[in-house]
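Reproduced below: upload19.txt, with compact mmCIF, C-alpha atoms and all ligand atoms.
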# COMPACT_ATOMS: atom_id res chain seq x y z
CA MET Y 8 176.93 130.10 84.72
CA MET Y 9 174.27 127.40 84.45
CA ALA Y 10 170.67 128.51 84.64
CA ALA Y 11 168.08 126.51 86.54
CA ASN Y 12 164.63 126.20 85.03
CA LEU Y 13 163.14 128.55 87.57
CA ARG Y 14 159.63 127.93 86.29
CA ASN Y 15 160.04 124.52 87.90
CA CYS Y 16 161.10 126.10 91.20
CA ALA Y 17 159.11 127.75 93.96
CA ILE Y 18 159.94 130.03 96.85
CA ASN Y 19 158.50 129.38 100.28
CA THR Y 20 157.94 132.90 101.60
CA ALA Y 21 159.59 132.02 104.93
CA THR Y 22 162.83 132.12 102.91
CA LEU Y 23 162.36 135.88 102.57
CA GLY Y 24 162.06 136.32 106.33
CA PHE Y 25 158.58 137.89 106.17
CA GLN Y 26 160.24 141.23 105.46
CA CYS Y 27 157.45 142.49 103.23
CA PRO Y 28 153.70 142.03 102.76
CA ILE Y 29 152.56 139.04 100.71
CA ALA Y 30 151.69 141.20 97.70
CA GLN Y 31 155.29 142.40 97.42
CA SER Y 32 156.63 138.88 97.87
CA ILE Y 33 154.39 137.62 95.07
CA ASP Y 34 155.62 140.31 92.71
CA ALA Y 35 159.30 139.86 93.63
CA ILE Y 36 159.17 136.07 93.26
CA ALA Y 37 157.44 136.31 89.89
CA ALA Y 38 159.79 139.05 88.67
CA ALA Y 39 162.79 136.90 89.56
CA GLY Y 40 161.45 134.21 87.25
CA PHE Y 41 160.23 131.56 89.67
CA GLY Y 42 157.21 129.44 88.86
CA GLY Y 43 155.68 129.00 92.29
CA ILE Y 44 155.15 130.33 95.77
CA ALA Y 45 154.33 128.74 99.13
CA PRO Y 46 152.70 131.33 101.38
CA TRP Y 47 152.14 131.14 105.14
CA ARG Y 48 148.93 131.58 107.07
CA ARG Y 49 150.38 134.51 109.00
CA GLU Y 50 150.54 136.41 105.69
CA VAL Y 51 147.09 135.38 104.50
CA GLU Y 52 144.65 135.00 107.39
CA GLY Y 53 142.60 138.11 108.10
CA GLN Y 54 143.39 139.44 104.62
CA ASN Y 55 141.30 139.36 101.46
CA VAL Y 56 142.18 135.79 100.51
CA PRO Y 57 140.48 135.78 97.08
CA ALA Y 58 142.41 138.96 96.20
CA ILE Y 59 145.70 137.31 97.21
CA ALA Y 60 144.78 134.25 95.14
CA LYS Y 61 144.02 136.48 92.16
CA ARG Y 62 147.32 138.32 92.49
CA ILE Y 63 149.22 135.03 92.61
CA ARG Y 64 147.38 133.73 89.52
CA GLU Y 65 147.92 136.95 87.60
CA ALA Y 66 151.63 136.84 88.46
CA GLY Y 67 151.72 133.43 86.77
CA LEU Y 68 152.68 131.57 89.94
CA LYS Y 69 151.49 128.19 91.15
CA VAL Y 70 150.90 127.68 94.87
CA THR Y 71 152.94 124.63 95.75
CA GLY Y 72 151.84 124.46 99.36
CA TYR Y 73 149.97 126.46 101.97
CA CYS Y 74 151.91 126.56 105.25
CA ARG Y 75 150.99 125.20 107.64
CA SER Y 76 148.75 123.30 110.01
CA THR Y 77 147.92 124.19 113.59
CA TYR Y 78 149.54 121.50 115.77
CA LEU Y 79 146.99 118.83 116.55
CA PRO Y 80 147.84 117.21 119.92
CA SER Y 81 146.22 118.62 123.05
CA LEU Y 82 145.78 117.59 126.66
CA THR Y 83 142.01 117.75 126.23
CA ARG Y 84 139.39 116.58 123.73
CA GLU Y 85 138.15 120.15 123.46
CA GLY Y 86 141.66 121.30 122.62
CA LEU Y 87 142.04 118.65 119.94
CA GLN Y 88 138.67 119.63 118.44
CA ALA Y 89 139.69 123.30 118.39
CA ASN Y 90 142.97 122.44 116.66
CA ILE Y 91 141.14 120.38 114.03
CA GLU Y 92 138.68 123.24 113.50
CA SER Y 93 141.52 125.72 113.00
CA ASN Y 94 142.95 123.43 110.32
CA ARG Y 95 139.54 123.10 108.65
CA ARG Y 96 139.47 126.86 108.20
CA ALA Y 97 143.02 126.87 106.85
CA LEU Y 98 142.07 124.15 104.35
CA GLU Y 99 139.32 126.43 103.09
CA ASP Y 100 141.86 129.20 102.48
CA ALA Y 101 144.15 126.67 100.78
CA ALA Y 102 141.30 125.86 98.40
CA ILE Y 103 140.74 129.56 97.63
CA LEU Y 104 144.47 129.97 96.98
CA GLY Y 105 144.46 126.99 94.63
CA ALA Y 106 147.22 125.37 96.69
CA GLN Y 107 148.47 122.04 95.41
CA SER Y 108 148.59 120.90 99.01
CA PHE Y 109 148.02 121.99 102.59
CA VAL Y 110 151.24 121.32 104.48
CA MET Y 111 150.80 119.64 107.84
CA VAL Y 112 153.41 119.86 110.56
CA VAL Y 113 151.47 117.74 112.99
CA GLY Y 114 152.69 118.91 116.40
CA GLY Y 115 154.63 117.30 119.24
CA LEU Y 116 153.81 116.79 122.89
CA PRO Y 117 151.24 119.19 124.31
CA ALA Y 118 152.72 121.21 127.21
CA GLY Y 119 152.60 119.12 130.37
CA SER Y 120 152.39 115.76 128.60
CA LYS Y 121 154.92 112.93 128.39
CA ASP Y 122 152.56 110.67 126.46
CA ILE Y 123 153.93 110.55 122.93
CA ALA Y 124 151.72 107.60 122.01
CA ALA Y 125 148.66 109.68 122.84
CA ALA Y 126 150.00 112.55 120.74
CA ARG Y 127 150.49 110.21 117.79
CA ALA Y 128 146.99 108.79 118.18
CA GLN Y 129 145.50 112.30 118.19
CA VAL Y 130 147.46 113.16 115.06
CA ALA Y 131 146.10 110.10 113.23
CA GLU Y 132 142.56 110.94 114.34
CA GLY Y 133 142.82 114.60 113.35
CA VAL Y 134 144.44 113.94 109.98
CA GLY Y 135 141.70 111.42 109.20
CA LEU Y 136 138.98 114.03 109.82
CA LEU Y 137 140.85 116.72 107.91
CA LEU Y 138 141.38 114.41 104.96
CA GLU Y 139 137.63 114.15 104.49
CA HIS Y 140 137.34 117.94 104.55
CA GLY Y 141 140.28 118.29 102.15
CA LYS Y 142 138.68 115.86 99.71
CA ARG Y 143 135.46 117.87 99.68
CA LEU Y 144 137.47 121.01 98.93
CA GLY Y 145 139.79 119.35 96.42
CA VAL Y 146 142.90 120.12 98.47
CA ARG Y 147 145.52 117.45 99.02
CA ILE Y 148 147.02 117.16 102.48
CA ALA Y 149 150.80 116.78 102.68
CA LEU Y 150 152.23 115.43 105.91
CA GLU Y 151 155.74 116.75 106.52
CA PRO Y 152 157.84 114.54 108.77
CA LEU Y 153 160.36 116.67 110.68
CA HIS Y 154 163.85 115.87 111.89
CA PRO Y 155 163.62 114.04 115.25
CA VAL Y 156 165.18 117.00 117.06
CA TYR Y 157 161.74 118.64 116.80
CA THR Y 158 159.76 115.73 118.24
CA ALA Y 159 158.82 117.35 121.55
CA GLU Y 160 157.80 120.75 120.30
CA ARG Y 161 156.78 120.47 116.66
CA SER Y 162 156.29 117.02 115.21
CA CYS Y 163 155.86 113.58 116.70
CA LEU Y 164 155.96 112.45 113.07
CA THR Y 165 159.64 112.18 112.16
CA LEU Y 166 160.42 109.48 109.62
CA LEU Y 167 159.38 109.39 105.99
CA SER Y 168 158.43 105.73 106.49
CA GLU Y 169 156.28 106.72 109.46
CA ALA Y 170 154.50 109.37 107.38
CA LEU Y 171 153.86 106.83 104.61
CA ASP Y 172 152.56 104.32 107.14
CA MET Y 173 150.19 106.97 108.48
CA CYS Y 174 148.97 107.80 104.96
CA HIS Y 175 148.27 104.13 104.34
CA HIS Y 176 146.65 103.63 107.72
CA ILE Y 177 144.28 106.55 107.13
CA GLU Y 178 143.59 106.38 103.41
CA GLY Y 179 144.45 102.81 102.43
CA SER Y 180 145.67 101.96 98.94
CA VAL Y 181 144.05 104.29 96.42
CA SER Y 182 144.94 105.07 92.82
CA GLU Y 183 144.77 108.87 93.31
CA PRO Y 184 145.75 109.63 96.91
CA SER Y 185 144.48 112.79 98.59
CA LEU Y 186 146.98 112.30 101.40
CA GLY Y 187 150.69 112.62 100.70
CA VAL Y 188 154.04 113.60 102.14
CA CYS Y 189 156.49 116.48 101.77
CA VAL Y 190 160.09 115.41 101.37
CA ASP Y 191 162.17 118.18 102.94
CA VAL Y 192 165.89 117.47 102.64
CA TYR Y 193 166.57 119.22 105.95
CA HIS Y 194 164.43 116.73 107.81
CA VAL Y 195 165.25 113.46 106.07
CA TRP Y 196 168.79 113.67 104.67
CA TRP Y 197 170.33 111.68 107.56
CA ASP Y 198 167.85 108.77 107.37
CA PRO Y 199 169.65 105.49 106.47
CA ASN Y 200 166.43 104.27 104.80
CA LEU Y 201 165.86 107.42 102.77
CA ALA Y 202 166.39 105.92 99.30
CA ARG Y 203 164.13 102.98 100.12
CA ASP Y 204 161.39 105.23 101.47
CA ILE Y 205 161.51 107.79 98.64
CA ALA Y 206 161.09 104.91 96.19
CA ARG Y 207 158.15 103.65 98.25
CA ALA Y 208 156.61 107.12 98.37
CA GLY Y 209 156.81 107.22 94.58
CA ARG Y 210 155.20 103.80 94.15
CA GLU Y 211 152.40 104.85 96.46
CA LYS Y 212 152.00 108.22 94.63
CA ARG Y 213 152.41 110.09 97.87
CA ILE Y 214 155.10 112.67 97.07
CA ALA Y 215 153.24 115.97 97.35
CA GLY Y 216 156.17 118.33 97.80
CA PHE Y 217 159.96 118.59 97.69
CA HIS Y 218 161.67 121.21 99.86
CA VAL Y 219 165.32 122.20 99.69
CA CYS Y 220 167.81 124.05 101.87
CA ASP Y 221 171.03 122.83 103.51
CA TRP Y 222 172.32 121.57 106.88
CA LEU Y 223 175.10 123.81 108.12
CA VAL Y 224 178.05 122.58 110.16
CA PRO Y 225 177.97 123.76 112.82
CA THR Y 226 174.26 124.52 113.13
CA ASN Y 227 173.76 127.24 115.74
CA ASP Y 228 169.97 127.00 115.94
CA VAL Y 229 168.08 124.00 114.60
CA LEU Y 230 165.02 126.11 113.89
CA ASN Y 231 166.37 129.26 112.31
CA ASP Y 232 169.89 128.46 111.10
CA ARG Y 233 169.19 126.59 107.91
CA GLY Y 234 171.66 126.99 105.09
CA MET Y 235 171.44 128.04 101.47
CA MET Y 236 171.75 125.08 99.12
CA GLY Y 237 175.42 124.30 98.63
CA ASP Y 238 176.59 125.74 101.95
CA GLY Y 239 176.12 122.58 104.01
CA VAL Y 240 176.47 118.80 104.02
CA ILE Y 241 173.31 117.55 102.30
CA ASP Y 242 173.81 115.82 98.94
CA ILE Y 243 170.80 117.61 97.48
CA PRO Y 244 171.32 116.54 93.83
CA SER Y 245 171.29 112.91 94.92
CA ILE Y 246 168.03 113.29 96.86
CA ARG Y 247 166.49 115.28 94.01
CA ALA Y 248 167.42 112.51 91.58
CA GLN Y 249 165.76 109.94 93.84
CA VAL Y 250 162.59 112.03 94.16
CA GLU Y 251 162.37 112.57 90.41
CA LYS Y 252 163.12 108.91 89.68
CA ALA Y 253 160.24 108.10 92.01
CA GLY Y 254 157.97 110.04 89.66
CA TYR Y 255 157.71 113.44 91.34
CA LYS Y 256 156.94 116.05 88.70
CA GLY Y 257 156.09 118.97 90.95
CA LEU Y 258 158.11 122.07 91.71
CA ILE Y 259 161.27 122.24 93.81
CA GLU Y 260 160.54 124.57 96.72
CA VAL Y 261 163.24 126.57 98.49
CA GLU Y 262 162.50 126.88 102.22
CA ILE Y 263 165.21 128.51 104.32
CA PHE Y 264 164.78 129.68 107.91
CA SER Y 265 167.82 131.83 108.57
CA ALA Y 266 167.34 134.52 111.18
CA GLN Y 267 170.98 135.55 111.46
CA ASN Y 268 171.99 135.46 107.81
CA TRP Y 269 169.62 135.32 104.85
CA TRP Y 270 166.67 137.04 106.51
CA LYS Y 271 168.89 140.07 107.09
CA ARG Y 272 169.51 140.49 103.37
CA PRO Y 273 167.35 142.30 100.81
CA VAL Y 274 164.62 140.17 99.23
CA ILE Y 275 166.06 140.71 95.75
CA GLU Y 276 169.45 139.38 96.84
CA ILE Y 277 167.96 136.31 98.55
CA LEU Y 278 166.00 135.47 95.40
CA GLN Y 279 169.03 135.95 93.20
CA VAL Y 280 171.21 133.63 95.29
CA CYS Y 281 168.40 131.04 95.43
CA ALA Y 282 168.26 131.10 91.63
CA GLU Y 283 172.03 130.66 91.36
CA ARG Y 284 172.16 127.81 93.84
CA LEU Y 285 169.21 126.02 92.25
CA ALA Y 286 171.39 125.86 89.14
CA THR Y 287 174.63 124.80 90.80
CA SER Y 288 173.78 122.93 93.99
CA VAL Y 289 170.38 121.26 93.49
ZN ZN I 1 159.65 121.92 104.56
Have the structure of the file written as structure tokens, please.
Ligand code: ZN
Amino acid sequence: MMAANLRNCAINTATLGFQCPIAQSIDAIAAAGFGGIAPWRREVEGQNVPAIAKRIREAGLKVTGYCRSTYLPSLTREGLQANIESNRRALEDAAILGAQSFVMVVGGLPAGSKDIAAARAQVAEGVGLLLEHGKRLGVRIALEPLHPVYTAERSCLTLLSEALDMCHHIEGSVSEPSLGVCVDVYHVWWDPNLARDIARAGREKRIAGFHVCDWLVPTNDVLNDRGMMGDGVIDIPSIRAQVEKAGYKGLIEVEIFSAQNWWKRPVIEILQVCAERLATSV
């Protein structure tokens, strides 16, 4: 059996179904040989964040990304300001954790709105303000475009090209960008312009994260029925090759939301299968 270089791979803790406290996840991920972790705010906020950061460091893990932003769009200015403020606080925790990036899922239409243009404008405004805060803290912001099926409820930012346009619009052309994108195969695999846009993301030095899982056929729940790598229809090795050819040297992060299957299994088993599939199907 091939072995993946697990030191170059990270586990997004959502993959483990939030079955155990963050301290146990850190230890299990490190013990299984992985090189990184991507924790969620629900596991970190209200806890002793410096102590969590220390435990991650002492386990020898990098923090690939800190998940994730409060959705930005709101029906009111006050609501938008509150959402930006919530993200400012999360950026501060990302800095304490030493996260390579703060992952932003930008939000869709606020309840009661049909104005997607307004939502997009609020996202651009909010990301611009947060970028300044992130720069002061030394934390890169990674915009994650989501599959268009999530436009209404989770992300009015859907295409990789759109995310790159937004980065350029906000930050301009810079040699060391503080604003980047996450390439998550689940969200972008279907895009006919994917190869073109991954190459562009590389040229513009914007690739801040690479997430893997698989698209199952049939998919019973677009939110929580993601597949283990190799169980679906995404040509993950091809996308990985494109991302690496584009210059991405960061970790490969496994991120699987699977309420009915993987989350029901023991953490040790999930990690073991992730390790196997990273060798054979990524
Ligand atoms: Zn992702």
Note to self: Rounded to one decimal, what separation in Å do you get between CA of Arg203 in chain Y and CA of Thr226 in chain Y?
What the structure shows: 27.1 Å
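For Ala202 in chain Y, the residues within 8 Å (counting all atoms listed in the file, excluding itself and residues fewer than 3 positions away along the chain) are Y:Pro199, Y:Ile205, Y:Ala206, Y:Ile246, Y:Gln249.
The coordinates place CA of Glu276 in chain Y at 24.4 Å from CA of Arg247 in chain Y.
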Next item on the list: Grab me every residue within 8 Å of ligand ZN 1 (chain I), counting all atoms listed in the file, and send it over as a count of residues only.
Entry: 11
Test item: residues at most 12 Å from range 91-93 of chain Y, all atoms listed in the file, excluding those fewer than 6 positions along its chain, as a short mmCIF file (atom, residue, chain, number, x, y, z; two decimals) with C-alpha atoms, keeping the file's coordinate frame:
data_model
loop_
_atom_site.label_atom_id
_atom_site.label_comp_id
_atom_site.auth_asym_id
_atom_site.auth_seq_id
_atom_site.Cartn_x
_atom_site.Cartn_y
_atom_site.Cartn_z
CA ARG Y 48 148.93 131.58 107.07
CA GLU Y 52 144.65 135.00 107.39
CA ARG Y 75 150.99 125.20 107.64
CA SER Y 76 148.75 123.30 110.01
CA THR Y 77 147.92 124.19 113.59
CA TYR Y 78 149.54 121.50 115.77
CA LEU Y 79 146.99 118.83 116.55
CA PRO Y 80 147.84 117.21 119.92
CA SER Y 81 146.22 118.62 123.05
CA ARG Y 84 139.39 116.58 123.73
CA GLU Y 85 138.15 120.15 123.46
CA GLU Y 99 139.32 126.43 103.09
CA ASP Y 100 141.86 129.20 102.48
CA MET Y 111 150.80 119.64 107.84
CA VAL Y 113 151.47 117.74 112.99
CA GLY Y 114 152.69 118.91 116.40
CA GLN Y 129 145.50 112.30 118.19
CA VAL Y 130 147.46 113.16 115.06
CA ALA Y 131 146.10 110.10 113.23
CA GLU Y 132 142.56 110.94 114.34
CA GLY Y 133 142.82 114.60 113.35
CA VAL Y 134 144.44 113.94 109.98
CA GLY Y 135 141.70 111.42 109.20
CA LEU Y 136 138.98 114.03 109.82
CA LEU Y 137 140.85 116.72 107.91
CA LEU Y 138 141.38 114.41 104.96
CA GLU Y 139 137.63 114.15 104.49
CA HIS Y 140 137.34 117.94 104.55
#
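For the atom pair formed by CA of Ser180 in chain Y and CA of Leu104 in chain Y, the distance is 28.1 Å, given to one decimal.
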Next item on the list: Determine, counting all atoms listed in the file, which protein, DNA and RNA residues have an atom within 7 Å of an atom of Gly141 in chain Y; residues of the same chain fewer than 6 positions away are not included. Present the result as a list in words.
Entry: Leu98, Arg147 and Ile148 of chain Y
Next item on the list: Show which residues sit within 12 Å of Ala106 in chain Y, as a ChimeraX atom specification. Count only C-alpha atoms, and ignore same-chain residues fewer than 4 positions away.
Entry: /Y:43-47,60,63-64,68-75,97-102,110,141,144-149,215-216
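Distance annotation: of Y:His154, Y:Lys121, Y:Arg95, Y:Arg127, the residue with the minimal separation from Trp222 in chain Y is Y:His154; atom set is all atoms listed in the file.
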Check: Near range 33-42 of chain Y, within 7 Å and counting all atoms listed in the file, which residues show up once chain neighbours fewer than 2 positions away are dropped, as an MDAnalysis selection string?
Finding: chainID Y and resid 13:17 29:31 63 66 68:69 278
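Considering only C-alpha atoms, the residue among Y:Val156, Y:Ala58, Y:Ala128, Y:Ile259 positioned nearest to Ala11 in chain Y is Y:Ile259.
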What box, with edges along x, y and z, holds each listed atom of range 273-286 of chain Y when 3 Å is added on every side, and can you state its centre and edge lengths in Å to one decimal, as AutoDock Vina command-line options?
--center_x 168.4 --center_y 134.1 --center_z 95.0 --size_x 13.5 --size_y 22.4 --size_z 17.7
Notebook entry, point to check: Looking at only C-alpha atoms, which of Y:Arg233, Y:Lys271, Y:Arg210, Y:Arg49 is the one that sits closest to Tyr255 in chain Y?
Noted result: Y:Arg210
